[in-house]
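Participant: Below are the structure tokens for one structure; questions will follow.
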Amino acid sequence: MADVGAYAAAFKVNFKNMLAYKTDIALDLTFTILSSLIFVFVWAAVYYFSGAGTLDGFSLNGIIAYFIVLAGISEVTGWPKIINNMEEDMKEGGIARFLIRPMNYTTQLLLESLPVDIVFFTFGSLPIIVGVVAFGHLSVTPSALALFAALMVIAYLMINIIGFIIGSMAVYLTSVWGVANAVTWLFSLAGGGVVPLFFLPDNIARLLMLTPFAFMYYIPDTTLLGIMPASAALQSVMIGTLWVIAFAIMASLLWRKVKRDINSVGG
Amino acid sequence: MMLQSIRKNLKMFAVSQRYTWLSFLIYRGQALSWAVVWMFSTAASFVSISVIYGVSPGIAGWSYYQMLALAALSNMAIGIVSYLIRPWDLIMLMRNGVFDQFLTKPYDPIALILSRSGTRASIGGVISSLAMLAYALANQGGISMPAFMTAVLLFALGTAALTMFIVTISILSYVLFKSGNYIQWLINIAGTTSNYPLQIYSIAGTVLLTVGLPVGLAAFYPAELMFAKISYPFTLGMAALSIALIMTFYRASTYLLRFYTGGGG
């Protein structure tokens with residue numbers, strides 16, 4: 001088993017590598033914020049034309065806050081960054097190099113993707129979320145903040161385990177990018193990334209809240225903004241934990257099979 | 001002479017389509033998954049607009065079906081542009097030196113770029129958008145055939161202008177930075193923006209999305225024409241602007257290619 005020093009060294013190297021792409025990070029953040037701003041313009045036009053202060057009980061300010069926080073959340077949950085290296089490792093045979101190291105492959109993947117997420121969270125999610133809370137004069141309670149943090153950890157684990165499952169399939173598929181894109185699109189569409197679930201019919205929204213989709217965007221977002229009551233958020237933490245465990249079991253079973261088949265590819 | 005050259009390039013384009021399609025369809029599962037990804041953008045527009053019109057009267061001056069038609073035109077334009085040019089692929093061709101071979105061939109380099117650097121999967125987006133457009137127009141009704149045909153022509157010109165714009169900034173980006181990841185993001189933003197009437201982005205936004213990033217020419221104005229929101233003289237002006245932009249961007253991209261240096265290979 002590798003010692004802590006080796007993990008720390010690997011993390012440090014990957015973190016430095018990540019910081020080399022400052023322009024890419026800045027551009028990614030700019031475009032993510034721009035994407036959310038489009039919805040702000042759209043909803044502002046909708047509210048203006050309707051002449052109503054609220055739609056389905058939600059004010060324009062609430063919707064604006066929702067989409068801006070969404071930009072912050074999507075920096076972490078929008079794409080399973082773990083896939084980025086996995087497909088290349090599998091396809092080009094680099095996996096063999098990782099498997100002979102005295103460090104678990106999944107740990108190595110985590111050490112590669114974690115710095116990316118830390119950078120995106122620190123320079124993307126955090127300023128956006130703090131900005132919305134400060135400038136929007138939102139009163140975020142400590143319990144809402146704690147629940148939001150717990151839900152973000154759940155969302156992070158869930159998207160990366162799903163990413164690991166998709167990445168593992170690179171052994172059997174020619175390319176996993178299509179599947180990965182389809183899955184992330186589905187998460188966005190059904191998880192509140194395109195429209196807030198509170199605007200959907202009650203029965204559909206309630207059903208989606210039980211699925212993994214809502215954990216990527218809607219549940220953490222509405223928890224932070226206080227739209228979702230603390231009791232419902234707590235229930236979501238429990239449901240989310242169950243999903244994480246279920247996906248982890250699936251990933252572990254799949255990885256066992258993949259490890260057996262891995263010798264036949266790459267080189 | 002010019003006609004002969006156009007015919008020669010079109011023939012090359014048609015032949016290359018056959019081979020790129022065969023190559024794309026070798027891995028059917030992968031091809032299908034990508035086509036599905038492209039269909040999601042149409043689905044996202046449909047859900048988004050349906051929810052907006054479900055909870056409110058919508059956007060001023062635009063009925064539900066008109067909005068669906070506008071989003072369909074926008075997604076179709078982005079699908080066609082991506083079929084012809086994917087900046088990432090073009091820059092990779094330049095980086096690994098494959099583009100050097102393009103320059104030695106007896107064809108127009110821009111025609112070669114358009115025949116080789118796009119993604120076939122975007123046809124999924126085009127087909128799903130066509131279905132949404134048909135659904136929207138069938139339900140909207142009251143569209144005159146001349147307006148529809150003129151709108152199709154305006155759409156074609158606008159899409160060509162947008163395509164040439166993407167080609168130009170891709171080459172410029174390679175010449176300046178040897179990179180261009182952000183152009184794909186720009187296309188995604190353009191796609192989402194043009195799903196909605198340009199007026200909601202203020203006058204500055206309208207001008208920017210008409211001339212700066214000409215996505216409005218491909219979707220917004222053809223939709224406005226289809227639903228009799230703009231006059232024929234104004235349409236003529238937009239068509240002239242599209243043609244001017246096509247020519248300007250074509251000249252700019254061929255000029256920029258003079259500064260191209262292969263990235264190895």
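Chain labels follow the order of the structure tokens: the first chain is A, the next B, and so on; residue numbering restarts at 1 in every chain, and ligands are counted from 1 in their shown order.
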List the spatial neighbours of A:Tyr48 as a list of chain:residue names - criterion: any atom at most 10 Å away, only C-alpha atoms, same-chain residues fewer than 5 positions off excluded.
Facilitator: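 My reading of the contact set: A:Val42, A:Trp43, A:Gly53, A:Leu60, B:Gly58, B:Ile59, B:Ala60.
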Participant: Hey, could you make a per-residue contact list for chain B against chain A with 9 Å as the cut-off, showing the nearest pair of atoms and its distance in Å to one decimal, counting only C-alpha atoms, sorted by chain and number, as a tab-separated table?
Facilitator:
```
residue	atom	partner	partner_atom	distance
B:Tyr27	CA	A:Thr174	CA	7.2
B:Gly29	CA	A:Leu173	CA	8.2
B:Gln30	CA	A:Gly178	CA	6.3
B:Ala31	CA	A:Gly178	CA	7.9
B:Leu32	CA	A:Gly178	CA	8.3
B:Ser33	CA	A:Gly178	CA	5.1
B:Trp34	CA	A:Gly178	CA	4.7
B:Ala35	CA	A:Gly178	CA	8.4
B:Val36	CA	A:Ala182	CA	6.8
B:Val37	CA	A:Ala182	CA	4.8
B:Trp38	CA	A:Ala182	CA	8.5
B:Phe40	CA	A:Trp185	CA	6.7
B:Ser41	CA	A:Trp185	CA	8.2
B:Ala43	CA	A:Leu189	CA	8.3
B:Ala44	CA	A:Leu189	CA	6.2
B:Ser45	CA	A:Val194	CA	8.6
B:Val47	CA	A:Val195	CA	7.8
B:Ser48	CA	A:Val195	CA	5.9
B:Val51	CA	A:Phe199	CA	6.7
B:Ile52	CA	A:Val46	CA	7.5
B:Tyr53	CA	A:Val46	CA	9.0
B:Gly54	CA	A:Phe199	CA	8.4
B:Val55	CA	A:Leu55	CA	6.5
B:Ser56	CA	A:Ser50	CA	6.2
B:Pro57	CA	A:Ser50	CA	5.9
B:Gly58	CA	A:Val46	CA	5.5
B:Ile59	CA	A:Val46	CA	5.3
B:Ala60	CA	A:Phe49	CA	5.7
B:Asn181	CA	A:Asp24	CA	8.0
B:Tyr182	CA	A:Leu27	CA	6.7
B:Trp185	CA	A:Phe31	CA	6.6
B:Leu186	CA	A:Phe31	CA	7.5
B:Asn188	CA	A:Ser35	CA	8.6
B:Ile189	CA	A:Ser35	CA	6.1
B:Thr192	CA	A:Ile38	CA	7.5
B:Thr193	CA	A:Ile38	CA	6.3
B:Tyr196	CA	A:Val42	CA	7.4
B:Ile200	CA	A:Ala45	CA	6.1
B:Tyr201	CA	A:Phe41	CA	6.5
```
Participant: As an MDAnalysis selection string, which residues of stretch 115-251 of chain A does DSSP assign to helix (DSSP H, G or I)?
Facilitator: chainID A and resid 115:135 142:171 177:190 197:199 202:210 213:216 218:224 230:251
Participant: Find the spatial neighbours of stretch 101-112 of chain A, counting only C-alpha atoms, within a cut-off of 7 Å - ignore same-chain residues fewer than 2 positions away - and output them as a list in words.
Facilitator: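 Returned residues: Met1, Ala2, Ala10, Phe11, Asn14, Ile82, Arg97, Phe98, Leu99, Leu114 and Pro115 of chain A.
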Participant: With only C-alpha atoms as the atoms that count, which of B:Leu133, B:Ala204, B:Leu209, B:Met164 lies nearest to B:Met247?
Facilitator: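 Of B:Leu133, B:Ala204, B:Leu209, B:Met164, the one nearest B:Met247, counting only C-alpha atoms, is B:Met164.
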Participant: Name the residues in contact with stretch 217-230 of chain A at a cut-off of 8 Å, using only C-alpha atoms, excluding same-chain residues fewer than 6 positions from it; report them as a list in words.
Facilitator: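 Residues meeting the cut-off are Ala65, Tyr66, Val69, Leu70, Ile73, Ser74, Thr77, Leu138, Val140, Ser143, Ala144, Leu145, Leu147, Phe148, Leu151, Met152, Ser188, Gly191, Gly192, Gly193, Pro196, Leu197, Met209 and Ser236 of chain A.
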Participant: Measure the distance from atom CA of A:Ala71 to atom CA of B:Asn75 in Å and round it to one decimal.
Facilitator: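 Distance between the two atoms: 22.2 Å.
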Participant: What's around B:Lys229 at 12 Å? Count only C-alpha atoms, leave out sequence neighbours fewer than 3 positions away in its own chain, and write the answer as a PyMOL selection string.
Facilitator: chain B and resi 61-62+66+143+147+151+197+220-226+232+234-235
Participant: In Å to one decimal, how far is atom CA of B:Ile246 from atom CA of B:Leu213?
Facilitator: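 Interatomic distance, atom CA of B:Leu213 to atom CA of B:Ile246: 12.4 Å.
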Participant: Could you state the separation of atom CA of B:Gly263 and atom CA of B:Val98 in Å, given to one decimal place?
Facilitator: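 Atom CA of B:Gly263 sits 8.9 Å away from atom CA of B:Val98.
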Participant: From the list A:Phe67, A:Phe213, A:Phe187, A:Tyr172, which residue is nearest A:Met90 when using only C-alpha atoms?
Facilitator: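 Nearest to A:Met90: A:Tyr172.
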Participant: B:Met238: which residues within 12 Å, counting only C-alpha atoms, same-chain residues fewer than 2 positions away excluded, as a PyMOL selection string?
Facilitator: chain B and resi 150-151+153-158+161+210-211+214+216-222+224-225+230-236+240-245
Participant: Given the choices A:Glu87, A:Asp261, A:Glu75, A:Asp117, which gets closest to A:Ala170 if the distance is worked out from only C-alpha atoms?
Facilitator: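 Checking each candidate against A:Ala170, we get A:Glu87 as the closest.
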Participant: Give me the residues near B:Gly191 as a list in words, where near means some atom within 8 Å (using only C-alpha atoms) and where sequence neighbours in that chain fewer than 4 positions away do not count.
Facilitator: Ser74, Asn75, Ile78, Ile187, Asn195 and Val215 of chain B
Participant: Those selected residues, please, written with N, CA and C atoms and delivered as an mmCIF file, in the first residue's frame.
Facilitator:
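Okay, again20.cif is ready:
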```cif
data_model
loop_
_atom_site.group_PDB
_atom_site.id
_atom_site.type_symbol
_atom_site.label_atom_id
_atom_site.label_comp_id
_atom_site.auth_asym_id
_atom_site.auth_seq_id
_atom_site.Cartn_x
_atom_site.Cartn_y
_atom_site.Cartn_z
ATOM 1 N N SER B 74 -33.018 27.338 -34.912
ATOM 2 C CA SER B 74 -31.740 27.580 -34.260
ATOM 3 C C SER B 74 -30.948 26.272 -34.107
ATOM 4 N N ASN B 75 -31.609 25.227 -33.614
ATOM 5 C CA ASN B 75 -30.918 23.937 -33.435
ATOM 6 C C ASN B 75 -30.502 23.345 -34.779
ATOM 7 N N ILE B 78 -27.363 25.177 -35.970
ATOM 8 C CA ILE B 78 -26.172 24.725 -35.232
ATOM 9 C C ILE B 78 -25.793 23.306 -35.684
ATOM 10 N N ILE B 187 -20.037 28.136 -29.752
ATOM 11 C CA ILE B 187 -21.113 27.577 -30.577
ATOM 12 C C ILE B 187 -22.280 27.155 -29.676
ATOM 13 N N ASN B 195 -32.133 30.298 -29.440
ATOM 14 C CA ASN B 195 -33.398 29.594 -29.215
ATOM 15 C C ASN B 195 -34.533 30.568 -28.884
ATOM 16 N N VAL B 215 -25.555 34.339 -35.516
ATOM 17 C CA VAL B 215 -26.496 33.245 -35.315
ATOM 18 C C VAL B 215 -27.938 33.714 -35.536
#
```
